[in-house]
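Novice: Structure file model.cif (mmCIF, C-alpha atoms and all ligand atoms) right here:
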```cif
data_structure
loop_
_atom_site.group_PDB
_atom_site.id
_atom_site.type_symbol
_atom_site.label_atom_id
_atom_site.label_comp_id
_atom_site.auth_asym_id
_atom_site.auth_seq_id
_atom_site.Cartn_x
_atom_site.Cartn_y
_atom_site.Cartn_z
ATOM 1 C CA MET A 1 0.000 0.000 0.000
ATOM 2 C CA ALA A 2 2.470 2.238 1.479
ATOM 3 C CA ILE A 3 4.309 5.263 0.114
ATOM 4 C CA VAL A 4 1.904 8.210 -0.110
ATOM 5 C CA ASN A 5 1.882 11.996 0.143
ATOM 6 C CA ALA A 6 -0.105 13.761 2.840
ATOM 7 C CA ARG A 7 -2.869 15.313 0.792
ATOM 8 C CA GLU A 8 -4.499 12.081 -0.328
ATOM 9 C CA ILE A 9 -4.754 10.534 3.151
ATOM 10 C CA LEU A 10 -5.830 13.814 4.716
ATOM 11 C CA GLN A 11 -8.675 14.443 2.324
ATOM 12 C CA LYS A 12 -10.030 11.033 3.223
ATOM 13 C CA ALA A 13 -9.616 11.884 6.927
ATOM 14 C CA LYS A 14 -11.406 15.183 6.479
ATOM 15 C CA LYS A 15 -14.418 13.467 4.937
ATOM 16 C CA GLY A 16 -14.395 10.747 7.596
ATOM 17 C CA LYS A 17 -14.054 13.261 10.493
ATOM 18 C CA TYR A 18 -10.918 11.733 11.959
ATOM 19 C CA ALA A 19 -7.307 12.930 12.029
ATOM 20 C CA VAL A 20 -4.097 11.333 10.826
ATOM 21 C CA GLY A 21 -1.358 11.427 13.452
ATOM 22 C CA ALA A 22 1.899 13.078 12.387
ATOM 23 C CA PHE A 23 4.626 11.913 14.749
ATOM 24 C CA ASN A 24 8.108 13.422 14.990
ATOM 25 C CA ILE A 25 10.871 10.848 15.318
ATOM 26 C CA THR A 26 14.577 11.335 16.004
ATOM 27 C CA ASN A 27 15.875 7.807 15.371
ATOM 28 C CA ILE A 28 15.084 4.597 13.510
ATOM 29 C CA ILE A 29 13.798 2.624 16.519
ATOM 30 C CA GLN A 30 11.247 5.337 17.265
ATOM 31 C CA LEU A 31 10.258 5.241 13.606
ATOM 32 C CA GLU A 32 9.717 1.475 13.822
ATOM 33 C CA GLY A 33 7.674 1.856 17.025
ATOM 34 C CA VAL A 34 5.417 4.460 15.442
ATOM 35 C CA VAL A 35 4.932 2.326 12.319
ATOM 36 C CA GLU A 36 4.231 -0.875 14.295
ATOM 37 C CA ALA A 37 1.593 0.882 16.417
ATOM 38 C CA HIS A 38 -0.142 2.069 13.251
ATOM 39 C CA VAL A 39 0.080 -1.295 11.500
ATOM 40 C CA GLU A 40 -1.486 -2.988 14.533
ATOM 41 C CA ALA A 41 -4.257 -0.386 14.581
ATOM 42 C CA GLN A 42 -4.629 -0.359 10.783
ATOM 43 C CA ALA A 43 -4.294 3.419 10.808
ATOM 44 C CA PRO A 44 -2.842 5.758 8.153
ATOM 45 C CA LEU A 45 0.361 7.493 9.270
ATOM 46 C CA ILE A 46 2.555 10.538 8.756
ATOM 47 C CA ILE A 47 6.124 10.193 10.021
ATOM 48 C CA GLN A 48 7.820 13.533 10.637
ATOM 49 C CA THR A 49 11.418 14.598 10.917
ATOM 50 C CA SER A 50 12.552 18.039 11.906
ATOM 51 C CA VAL A 51 15.601 19.405 10.126
ATOM 52 C CA SER A 52 18.187 18.451 12.822
ATOM 53 C CA PRO A 53 17.340 14.716 12.981
ATOM 54 C CA ALA A 54 17.128 14.572 9.182
ATOM 55 C CA LYS A 55 20.659 15.956 8.939
ATOM 56 C CA PHE A 56 21.926 13.851 11.842
ATOM 57 C CA LEU A 57 20.569 10.537 10.516
ATOM 58 C CA GLY A 58 21.468 11.423 6.935
ATOM 59 C CA GLU A 59 18.818 12.170 4.330
ATOM 60 C CA SER A 60 19.538 9.186 2.101
ATOM 61 C CA VAL A 61 19.632 6.728 5.032
ATOM 62 C CA LEU A 62 16.367 8.035 6.430
ATOM 63 C CA VAL A 63 14.564 7.897 3.105
ATOM 64 C CA ALA A 64 15.904 4.397 2.377
ATOM 65 C CA VAL A 65 14.601 3.155 5.745
ATOM 66 C CA TYR A 66 11.264 4.929 5.216
ATOM 67 C CA ARG A 67 10.828 3.457 1.737
ATOM 68 C CA GLU A 68 11.711 -0.048 2.864
ATOM 69 C CA ILE A 69 9.418 0.040 5.912
ATOM 70 C CA ALA A 70 6.557 1.839 4.149
ATOM 71 C CA ALA A 71 6.659 -0.477 1.146
ATOM 72 C CA ALA A 72 6.249 -3.488 3.434
ATOM 73 C CA ALA A 73 3.562 -1.947 5.670
ATOM 74 C CA PRO A 74 -0.093 -2.690 4.875
ATOM 75 C CA ILE A 75 -1.029 0.933 5.630
ATOM 76 C CA PRO A 76 -0.376 4.262 3.844
ATOM 77 C CA VAL A 77 2.719 6.006 5.243
ATOM 78 C CA CYS A 78 3.863 9.539 4.401
ATOM 79 C CA LEU A 79 7.281 11.035 5.242
ATOM 80 C CA HIS A 80 7.022 14.711 6.204
ATOM 81 C CA LEU A 81 9.781 17.288 6.688
ATOM 82 C CA ASP A 82 8.708 19.485 9.594
ATOM 83 C CA HIS A 83 9.165 23.256 10.003
ATOM 84 C CA CYS A 84 11.943 23.759 7.498
ATOM 85 C CA GLN A 85 12.787 27.443 7.078
ATOM 86 C CA ASP A 86 15.337 26.900 4.350
ATOM 87 C CA VAL A 87 13.895 26.753 0.817
ATOM 88 C CA ASP A 88 16.967 24.969 -0.567
ATOM 89 C CA TYR A 89 16.849 22.279 2.125
ATOM 90 C CA CYS A 90 13.127 21.744 1.404
ATOM 91 C CA LYS A 91 14.012 21.149 -2.245
ATOM 92 C CA LYS A 92 16.875 18.858 -1.273
ATOM 93 C CA CYS A 93 14.594 16.657 0.862
ATOM 94 C CA ALA A 94 11.999 16.604 -1.935
ATOM 95 C CA ASP A 95 14.733 15.333 -4.270
ATOM 96 C CA PHE A 96 15.694 12.676 -1.727
ATOM 97 C CA GLY A 97 12.149 11.309 -1.486
ATOM 98 C CA TRP A 98 10.226 12.935 1.368
ATOM 99 C CA THR A 99 6.570 12.906 0.326
ATOM 100 C CA ASN A 100 5.369 15.973 2.236
ATOM 101 C CA ILE A 101 7.437 19.082 2.854
ATOM 102 C CA MET A 102 6.694 21.889 5.278
ATOM 103 C CA ILE A 103 8.198 25.212 4.339
ATOM 104 C CA ASP A 104 7.847 27.383 7.420
ATOM 105 C CA ALA A 105 8.154 31.011 6.383
ATOM 106 C CA SER A 106 5.539 32.039 8.934
ATOM 107 C CA ARG A 107 7.804 34.549 10.646
ATOM 108 C CA GLU A 108 8.350 36.399 7.369
ATOM 109 C CA PRO A 109 6.032 39.170 6.184
ATOM 110 C CA PHE A 110 2.904 37.853 4.396
ATOM 111 C CA GLU A 111 4.170 38.467 0.845
ATOM 112 C CA GLU A 112 7.506 36.793 1.558
ATOM 113 C CA ASN A 113 5.746 33.827 3.186
ATOM 114 C CA ILE A 114 3.681 33.424 -0.002
ATOM 115 C CA ARG A 115 6.759 33.764 -2.212
ATOM 116 C CA ARG A 116 8.816 31.128 -0.373
ATOM 117 C CA THR A 117 5.910 28.734 0.062
ATOM 118 C CA LYS A 118 5.074 29.003 -3.642
ATOM 119 C CA GLU A 119 8.672 28.373 -4.627
ATOM 120 C CA VAL A 120 8.687 25.101 -2.648
ATOM 121 C CA ALA A 121 5.164 24.106 -3.750
ATOM 122 C CA ASP A 122 5.962 24.659 -7.438
ATOM 123 C CA TYR A 123 9.195 22.699 -7.110
ATOM 124 C CA CYS A 124 7.533 19.734 -5.363
ATOM 125 C CA HIS A 125 4.563 19.679 -7.728
ATOM 126 C CA LYS A 126 6.926 19.594 -10.689
ATOM 127 C CA ILE A 127 8.643 16.510 -9.277
ATOM 128 C CA GLY A 128 5.196 14.989 -8.673
ATOM 129 C CA GLY A 129 3.815 12.933 -5.795
ATOM 130 C CA ILE A 130 4.970 15.405 -3.132
ATOM 131 C CA THR A 131 2.642 17.748 -1.268
ATOM 132 C CA VAL A 132 3.546 20.902 0.662
ATOM 133 C CA GLU A 133 2.458 22.361 4.006
ATOM 134 C CA GLY A 134 2.659 26.068 4.829
ATOM 135 C CA GLU A 135 2.045 27.969 8.055
ATOM 136 C CA LEU A 136 0.166 31.218 8.540
ATOM 137 C CA GLY A 137 0.363 33.104 11.804
ATOM 138 C CA THR A 138 3.068 31.766 14.106
ATOM 139 C CA VAL A 139 2.791 28.800 16.479
ATOM 140 C CA ALA A 140 4.399 29.581 19.855
ATOM 141 C CA GLY A 141 6.911 27.304 21.630
ATOM 142 C CA VAL A 142 10.025 25.406 20.547
ATOM 143 C CA GLU A 143 10.328 22.892 17.710
ATOM 144 C CA ASP A 144 13.834 21.868 16.678
ATOM 145 C CA GLN A 145 15.842 25.120 16.305
ATOM 146 C CA ILE A 146 12.776 27.335 15.973
ATOM 147 C CA LYS A 147 11.692 29.237 19.068
ATOM 148 C CA VAL A 148 8.693 31.547 19.085
ATOM 149 C CA VAL A 149 7.917 33.258 22.391
ATOM 150 C CA GLU A 150 4.235 33.647 23.205
ATOM 151 C CA ASP A 151 4.308 37.448 22.946
ATOM 152 C CA GLU A 152 5.565 37.207 19.379
ATOM 153 C CA SER A 153 3.152 34.515 18.266
ATOM 154 C CA LYS A 154 0.404 35.707 15.947
ATOM 155 C CA LEU A 155 -2.846 33.939 15.141
ATOM 156 C CA CYS A 156 -3.898 33.192 11.568
ATOM 157 C CA ASP A 157 -6.153 35.693 9.840
ATOM 158 C CA PRO A 158 -8.949 33.678 8.111
ATOM 159 C CA GLU A 159 -9.266 35.936 5.053
ATOM 160 C CA GLN A 160 -5.519 35.929 4.601
ATOM 161 C CA ALA A 161 -5.592 32.129 4.801
ATOM 162 C CA LEU A 162 -7.678 31.987 1.618
ATOM 163 C CA GLU A 163 -5.363 34.372 -0.186
ATOM 164 C CA PHE A 164 -2.312 32.455 1.070
ATOM 165 C CA ILE A 165 -3.597 29.141 -0.293
ATOM 166 C CA ARG A 166 -4.702 30.610 -3.615
ATOM 167 C CA ARG A 167 -1.478 32.438 -4.325
ATOM 168 C CA SER A 168 1.050 29.946 -2.932
ATOM 169 C CA ASN A 169 -0.453 26.700 -4.332
ATOM 170 C CA VAL A 170 0.181 25.119 -0.947
ATOM 171 C CA ASP A 171 -1.522 21.732 -0.364
ATOM 172 C CA LEU A 172 -1.999 21.822 3.432
ATOM 173 C CA LEU A 173 -2.419 24.784 5.730
ATOM 174 C CA ALA A 174 -1.239 25.009 9.331
ATOM 175 C CA PRO A 175 -3.113 28.008 10.751
ATOM 176 C CA ALA A 176 -1.875 29.339 14.100
ATOM 177 C CA ILE A 177 -4.885 29.029 16.422
ATOM 178 C CA GLY A 178 -3.287 29.233 19.864
ATOM 179 C CA THR A 179 -1.834 25.728 20.204
ATOM 180 C CA ALA A 180 1.898 25.678 20.987
ATOM 181 C CA HIS A 181 4.925 23.424 20.612
ATOM 182 C CA GLY A 182 6.324 21.860 23.793
ATOM 183 C CA VAL A 183 4.748 21.498 27.203
ATOM 184 C CA TYR A 184 1.801 23.799 27.980
ATOM 185 C CA LYS A 185 2.126 25.904 31.093
ATOM 186 C CA THR A 186 -1.535 25.449 31.938
ATOM 187 C CA LYS A 187 -3.861 22.412 31.995
ATOM 188 C CA ASN A 188 -6.335 24.136 29.722
ATOM 189 C CA PRO A 189 -4.426 25.985 27.038
ATOM 190 C CA LYS A 190 -6.323 28.781 25.323
ATOM 191 C CA VAL A 191 -7.173 27.459 21.890
ATOM 192 C CA ASP A 192 -9.120 29.600 19.435
ATOM 193 C CA PHE A 193 -11.701 27.051 18.251
ATOM 194 C CA GLU A 194 -13.774 29.760 16.613
ATOM 195 C CA ARG A 195 -10.888 30.807 14.427
ATOM 196 C CA LEU A 196 -10.383 27.251 13.175
ATOM 197 C CA ASP A 197 -14.119 26.937 12.541
ATOM 198 C CA THR A 198 -14.156 30.197 10.583
ATOM 199 C CA ILE A 199 -11.194 29.131 8.457
ATOM 200 C CA ALA A 200 -12.711 25.697 7.729
ATOM 201 C CA LYS A 201 -16.056 27.247 6.784
ATOM 202 C CA LEU A 202 -14.460 29.900 4.584
ATOM 203 C CA LEU A 203 -12.532 27.202 2.726
ATOM 204 C CA GLU A 204 -15.673 25.180 2.221
ATOM 205 C CA ALA A 205 -17.661 28.187 1.035
ATOM 206 C CA ASN A 206 -14.913 28.843 -1.517
ATOM 207 C CA LYS A 207 -14.809 25.205 -2.640
ATOM 208 C CA MET A 208 -11.262 24.760 -1.415
ATOM 209 C CA ASP A 209 -10.458 21.291 -0.086
ATOM 210 C CA THR A 210 -7.119 22.141 1.567
ATOM 211 C CA PRO A 211 -6.630 19.984 4.697
ATOM 212 C CA LEU A 212 -5.915 21.855 7.934
ATOM 213 C CA VAL A 213 -3.041 20.947 10.239
ATOM 214 C CA ILE A 214 -2.987 21.245 14.024
ATOM 215 C CA HIS A 215 0.440 21.811 15.569
ATOM 216 C CA GLY A 216 1.335 21.422 19.233
ATOM 217 C CA GLY A 217 -0.501 18.192 20.072
ATOM 218 C CA THR A 218 1.432 17.388 23.266
ATOM 219 C CA GLY A 219 -0.500 18.186 26.426
ATOM 220 C CA LEU A 220 -3.818 19.130 24.833
ATOM 221 C CA PRO A 221 -6.789 17.755 26.781
ATOM 222 C CA VAL A 222 -8.650 14.910 25.004
ATOM 223 C CA ASP A 223 -11.774 17.069 24.573
ATOM 224 C CA THR A 224 -9.728 19.761 22.903
ATOM 225 C CA VAL A 225 -8.161 17.269 20.494
ATOM 226 C CA LYS A 226 -11.578 15.864 19.585
ATOM 227 C CA ARG A 227 -13.139 19.283 19.125
ATOM 228 C CA LEU A 228 -10.284 20.428 16.867
ATOM 229 C CA ILE A 229 -10.837 17.359 14.705
ATOM 230 C CA GLU A 230 -14.596 17.976 14.550
ATOM 231 C CA LEU A 231 -13.940 21.535 13.455
ATOM 232 C CA GLY A 232 -11.730 20.441 10.574
ATOM 233 C CA GLY A 233 -8.204 19.582 11.804
ATOM 234 C CA SER A 234 -7.140 16.532 9.817
ATOM 235 C CA LYS A 235 -3.361 16.322 10.393
ATOM 236 C CA PHE A 236 -2.404 16.330 14.066
ATOM 237 C CA ASN A 237 1.248 16.880 15.034
ATOM 238 C CA VAL A 238 2.823 15.240 18.079
ATOM 239 C CA SER A 239 6.496 15.626 18.948
ATOM 240 C CA THR A 240 7.346 16.496 22.581
ATOM 241 C CA ASP A 241 5.249 13.646 23.999
ATOM 242 C CA LEU A 242 7.285 11.066 22.077
ATOM 243 C CA LYS A 243 10.588 12.676 23.048
ATOM 244 C CA HIS A 244 9.593 12.540 26.722
ATOM 245 C CA THR A 245 8.340 8.968 26.380
ATOM 246 C CA TRP A 246 11.603 7.874 24.755
ATOM 247 C CA ILE A 247 13.890 9.496 27.299
ATOM 248 C CA ASP A 248 11.782 8.535 30.326
ATOM 249 C CA ALA A 249 11.565 4.886 29.187
ATOM 250 C CA THR A 250 15.321 4.748 28.571
ATOM 251 C CA TYR A 251 16.021 6.250 31.965
ATOM 252 C CA GLN A 252 13.545 3.909 33.669
ATOM 253 C CA TYR A 253 15.088 0.828 32.056
ATOM 254 C CA ILE A 254 18.666 1.782 32.825
ATOM 255 C CA SER A 255 17.832 2.695 36.424
ATOM 256 C CA ALA A 256 16.174 -0.687 36.974
ATOM 257 C CA ASN A 257 18.874 -2.700 35.151
ATOM 258 C CA ARG A 258 22.069 -0.853 35.913
ATOM 259 C CA ASP A 259 24.282 -3.956 35.641
ATOM 260 C CA GLU A 260 22.921 -5.207 32.350
ATOM 261 C CA TYR A 261 24.700 -4.521 29.058
ATOM 262 C CA ASP A 262 22.295 -5.816 26.407
ATOM 263 C CA PRO A 263 21.296 -2.835 24.229
ATOM 264 C CA GLY A 264 18.694 -4.947 22.429
ATOM 265 C CA LYS A 265 16.625 -5.224 25.615
ATOM 266 C CA LEU A 266 16.813 -1.492 26.222
ATOM 267 C CA ASP A 267 15.812 -0.762 22.595
ATOM 268 C CA LYS A 268 12.856 -3.129 22.862
ATOM 269 C CA PHE A 269 11.653 -1.573 26.107
ATOM 270 C CA ALA A 270 11.847 1.977 24.745
ATOM 271 C CA LYS A 271 10.214 0.955 21.460
ATOM 272 C CA ASN A 272 7.302 -0.637 23.310
ATOM 273 C CA ALA A 273 6.852 2.529 25.366
ATOM 274 C CA ILE A 274 6.605 4.512 22.111
ATOM 275 C CA LYS A 275 4.087 2.024 20.699
ATOM 276 C CA GLU A 276 1.854 2.289 23.766
ATOM 277 C CA LYS A 277 1.985 6.081 23.733
ATOM 278 C CA VAL A 278 1.239 6.279 20.024
ATOM 279 C CA ARG A 279 -1.718 3.915 20.419
ATOM 280 C CA GLU A 280 -3.278 6.397 22.887
ATOM 281 C CA TRP A 281 -3.000 9.128 20.264
ATOM 282 C CA ILE A 282 -4.452 6.901 17.521
ATOM 283 C CA ASP A 283 -7.484 6.319 19.738
ATOM 284 C CA MET A 284 -7.897 10.052 20.309
ATOM 285 C CA PHE A 285 -7.597 10.754 16.586
ATOM 286 C CA GLY A 286 -10.135 8.076 15.636
ATOM 287 C CA SER A 287 -7.819 6.815 12.889
ATOM 288 C CA ALA A 288 -7.795 3.098 13.835
ATOM 289 C CA GLY A 289 -9.188 0.916 11.056
ATOM 290 C CA LYS A 290 -9.021 3.755 8.497
ATOM 291 C CA ALA A 291 -5.959 2.548 6.569
HETATM 292 P P1 LIG B 1 4.361 19.185 20.266
HETATM 293 O O1 LIG B 1 5.837 19.088 20.435
HETATM 294 O O2 LIG B 1 3.731 20.169 21.175
HETATM 295 O O3 LIG B 1 3.692 17.866 20.299
HETATM 296 O O4 LIG B 1 4.111 19.794 18.786
HETATM 297 C C1 LIG B 1 4.460 19.031 17.671
HETATM 298 C C2 LIG B 1 4.399 19.815 16.416
HETATM 299 O O5 LIG B 1 3.513 20.601 16.211
HETATM 300 C C3 LIG B 1 5.445 19.548 15.436
HETATM 301 O O6 LIG B 1 5.346 20.357 14.313
#
```
In structure tokens, what does this structure look like?
Ligand code: 13P
Specialist:
Amino acid sequence: MAIVNAREILQKAKKGKYAVGAFNITNIIQLEGVVEAHVEAQAPLIIQTSVSPAKFLGESVLVAVYREIAAAAPIPVCLHLDHCQDVDYCKKCADFGWTNIMIDASREPFEENIRRTKEVADYCHKIGGITVEGELGTVAGVEDQIKVVEDESKLCDPEQALEFIRRSNVDLLAPAIGTAHGVYKTKNPKVDFERLDTIAKLLEANKMDTPLVIHGGTGLPVDTVKRLIELGGSKFNVSTDLKHTWIDATYQYISANRDEYDPGKLDKFAKNAIKEKVREWIDMFGSAGKA
């Protein structure tokens, strides 16, 4: 089944009122854990890499592993480059074989954001089979090397969202709606549901079927996740939660087995922790059985 871009699986999700989980990984064992959880649940999947892990693992190695694993998996799997601010690196990863590319020019002025996003979208569309995600407004918090403090974050203007999609040819839109990368400081983060609703309705009224992306999944209450999906979020990003799960599981295993030197057992333990965590998200997203 296997190698797909994001747009095709997300349009199906949008119609079916569920979300596809987009999970950031930093190594191959995490990648395997995320894939296995989705295969067991028969759920479609988006694997994400930020720029640093992509460079650290090596683009060609990562894509080779993705292709091999995705080709064998009985579910659709997309490989997404997350929050890349560098147009040339976006193009490089498209050439290597990522199937969804996020050009994040959201901190640039509106016209420059359109220009850069369009440059990447046109490039990827010319290659074929690759879709592109853009961001409008700025999502607060830290993801990879990008840090946006709350005071500087700016929510997405719905009318501008239409213009942005039309002029940039972008395939997926990540509108800033108050969610944030990293750990929320409060139990009930202030999310602008109305803004997401307005954007989704405006798109529909204008016969635009662009899927909407929700960033900052970690720490959102279950009700919030479900409501965001109901209102039109069809790609849901989760990063920090997996990083914490990975490091906590590794620490837990080593603390309990300080005299053991079998890395395979440690890898298995940490991979299982990732699988369990990812399964919780799949259940929240309603994507089980949708592959
Ligand atoms: P979290 O780290 O808050 O889960 O956000 C993930 C994300 O949006 C990646 O783009």
Novice: Identify, on the basis of all atoms listed in the file, every residue whose closest approach to Ile25 of chain A does not exceed 7 Å; exclude the query and any residue fewer than 4 positions from it along the same chain; express the result as a list in words.
Specialist: Gln30, Leu31, Gln48 and Thr49 of chain A
Novice: Return as JSON lines the residues of chain A lying at most 10 Å from ligand LIG 1 (chain B), together with the closest atom-to-atom pair for each and the distance in Å to one decimal, counting all atoms listed in the file, with rows in chain order and ascending residue number.
Specialist:
```
{"residue": "A:Ala22", "atom": "CA", "partner": "B:LIG1", "partner_atom": "C3", "distance": 8.0}
{"residue": "A:Phe23", "atom": "CA", "partner": "B:LIG1", "partner_atom": "C1", "distance": 7.7}
{"residue": "A:Asn24", "atom": "CA", "partner": "B:LIG1", "partner_atom": "C3", "distance": 6.7}
{"residue": "A:Gln48", "atom": "CA", "partner": "B:LIG1", "partner_atom": "C3", "distance": 8.1}
{"residue": "A:Thr49", "atom": "CA", "partner": "B:LIG1", "partner_atom": "C3", "distance": 9.0}
{"residue": "A:Ser50", "atom": "CA", "partner": "B:LIG1", "partner_atom": "O6", "distance": 7.9}
{"residue": "A:Leu81", "atom": "CA", "partner": "B:LIG1", "partner_atom": "O6", "distance": 9.3}
{"residue": "A:Asp82", "atom": "CA", "partner": "B:LIG1", "partner_atom": "O6", "distance": 5.9}
{"residue": "A:His83", "atom": "CA", "partner": "B:LIG1", "partner_atom": "O6", "distance": 6.4}
{"residue": "A:Met102", "atom": "CA", "partner": "B:LIG1", "partner_atom": "O6", "distance": 9.3}
{"residue": "A:Val139", "atom": "CA", "partner": "B:LIG1", "partner_atom": "O5", "distance": 8.2}
{"residue": "A:Ala140", "atom": "CA", "partner": "B:LIG1", "partner_atom": "O2", "distance": 9.5}
{"residue": "A:Gly141", "atom": "CA", "partner": "B:LIG1", "partner_atom": "O2", "distance": 7.8}
{"residue": "A:Val142", "atom": "CA", "partner": "B:LIG1", "partner_atom": "O1", "distance": 7.6}
{"residue": "A:Glu143", "atom": "CA", "partner": "B:LIG1", "partner_atom": "C3", "distance": 6.3}
{"residue": "A:Asp144", "atom": "CA", "partner": "B:LIG1", "partner_atom": "C3", "distance": 8.8}
{"residue": "A:Ala174", "atom": "CA", "partner": "B:LIG1", "partner_atom": "O5", "distance": 9.5}
{"residue": "A:Thr179", "atom": "CA", "partner": "B:LIG1", "partner_atom": "O2", "distance": 7.9}
{"residue": "A:Ala180", "atom": "CA", "partner": "B:LIG1", "partner_atom": "O2", "distance": 5.8}
{"residue": "A:His181", "atom": "CA", "partner": "B:LIG1", "partner_atom": "O2", "distance": 3.5}
{"residue": "A:Gly182", "atom": "CA", "partner": "B:LIG1", "partner_atom": "O2", "distance": 4.1}
{"residue": "A:Val183", "atom": "CA", "partner": "B:LIG1", "partner_atom": "O2", "distance": 6.3}
{"residue": "A:Tyr184", "atom": "CA", "partner": "B:LIG1", "partner_atom": "O2", "distance": 8.0}
{"residue": "A:Val213", "atom": "CA", "partner": "B:LIG1", "partner_atom": "O5", "distance": 8.9}
{"residue": "A:Ile214", "atom": "CA", "partner": "B:LIG1", "partner_atom": "O5", "distance": 6.9}
{"residue": "A:His215", "atom": "CA", "partner": "B:LIG1", "partner_atom": "O5", "distance": 3.4}
{"residue": "A:Gly216", "atom": "CA", "partner": "B:LIG1", "partner_atom": "O4", "distance": 3.2}
{"residue": "A:Gly217", "atom": "CA", "partner": "B:LIG1", "partner_atom": "O3", "distance": 4.2}
{"residue": "A:Thr218", "atom": "CA", "partner": "B:LIG1", "partner_atom": "O3", "distance": 3.8}
{"residue": "A:Gly219", "atom": "CA", "partner": "B:LIG1", "partner_atom": "O2", "distance": 7.0}
{"residue": "A:Leu220", "atom": "CA", "partner": "B:LIG1", "partner_atom": "O2", "distance": 8.5}
{"residue": "A:Lys235", "atom": "CA", "partner": "B:LIG1", "partner_atom": "O5", "distance": 10.0}
{"residue": "A:Phe236", "atom": "CA", "partner": "B:LIG1", "partner_atom": "O5", "distance": 7.6}
{"residue": "A:Asn237", "atom": "CA", "partner": "B:LIG1", "partner_atom": "O5", "distance": 4.5}
{"residue": "A:Val238", "atom": "CA", "partner": "B:LIG1", "partner_atom": "O3", "distance": 3.5}
{"residue": "A:Ser239", "atom": "CA", "partner": "B:LIG1", "partner_atom": "O1", "distance": 3.8}
{"residue": "A:Thr240", "atom": "CA", "partner": "B:LIG1", "partner_atom": "O1", "distance": 3.7}
{"residue": "A:Asp241", "atom": "CA", "partner": "B:LIG1", "partner_atom": "O3", "distance": 5.8}
{"residue": "A:Leu242", "atom": "CA", "partner": "B:LIG1", "partner_atom": "O3", "distance": 7.9}
{"residue": "A:Lys243", "atom": "CA", "partner": "B:LIG1", "partner_atom": "O1", "distance": 8.4}
{"residue": "A:His244", "atom": "CA", "partner": "B:LIG1", "partner_atom": "O1", "distance": 9.8}
```
Novice: Would you mind listing what lies within 12 Å of segment 67-72 of chain A as number ranges by chain, with all atoms listed in the file counted and same-chain residues fewer than 4 positions away left out?
Specialist: A: 1-5, 28-29, 31-36, 38-39, 44-47, 60-63, 76-79, 96-99
Novice: Between A:Val191, A:Ile199, A:Ala41, A:Leu57, which is the closest to Gly232 of chain A once you count all atoms listed in the file?
Specialist: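 Nearest candidate to Gly232 of chain A out of A:Val191, A:Ile199, A:Ala41, A:Leu57: A:Ile199.
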Novice: Figure out the distance between atom CA of Ile247 of chain A and atom CA of Trp281 of chain A, please, to one decimal in Å.
Specialist: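 One can read the atom CA of Trp281 of chain A to atom CA of Ile247 of chain A distance as 18.3 Å.
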Novice: For the atom pair atom CA of Val51 of chain A and atom CA of Leu10 of chain A, what is the interatomic distance in Å to one decimal place?
Specialist: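 Result for atom CA of Val51 of chain A versus atom CA of Leu10 of chain A: 22.8 Å, one decimal.
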Novice: Between A:Leu212, A:Thr186, A:Lys268, A:Ala121, which is the closest to Ala161 of chain A once you count all atoms listed in the file?
Specialist: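 For Ala161 of chain A, the nearest of the given residues is A:Leu212.
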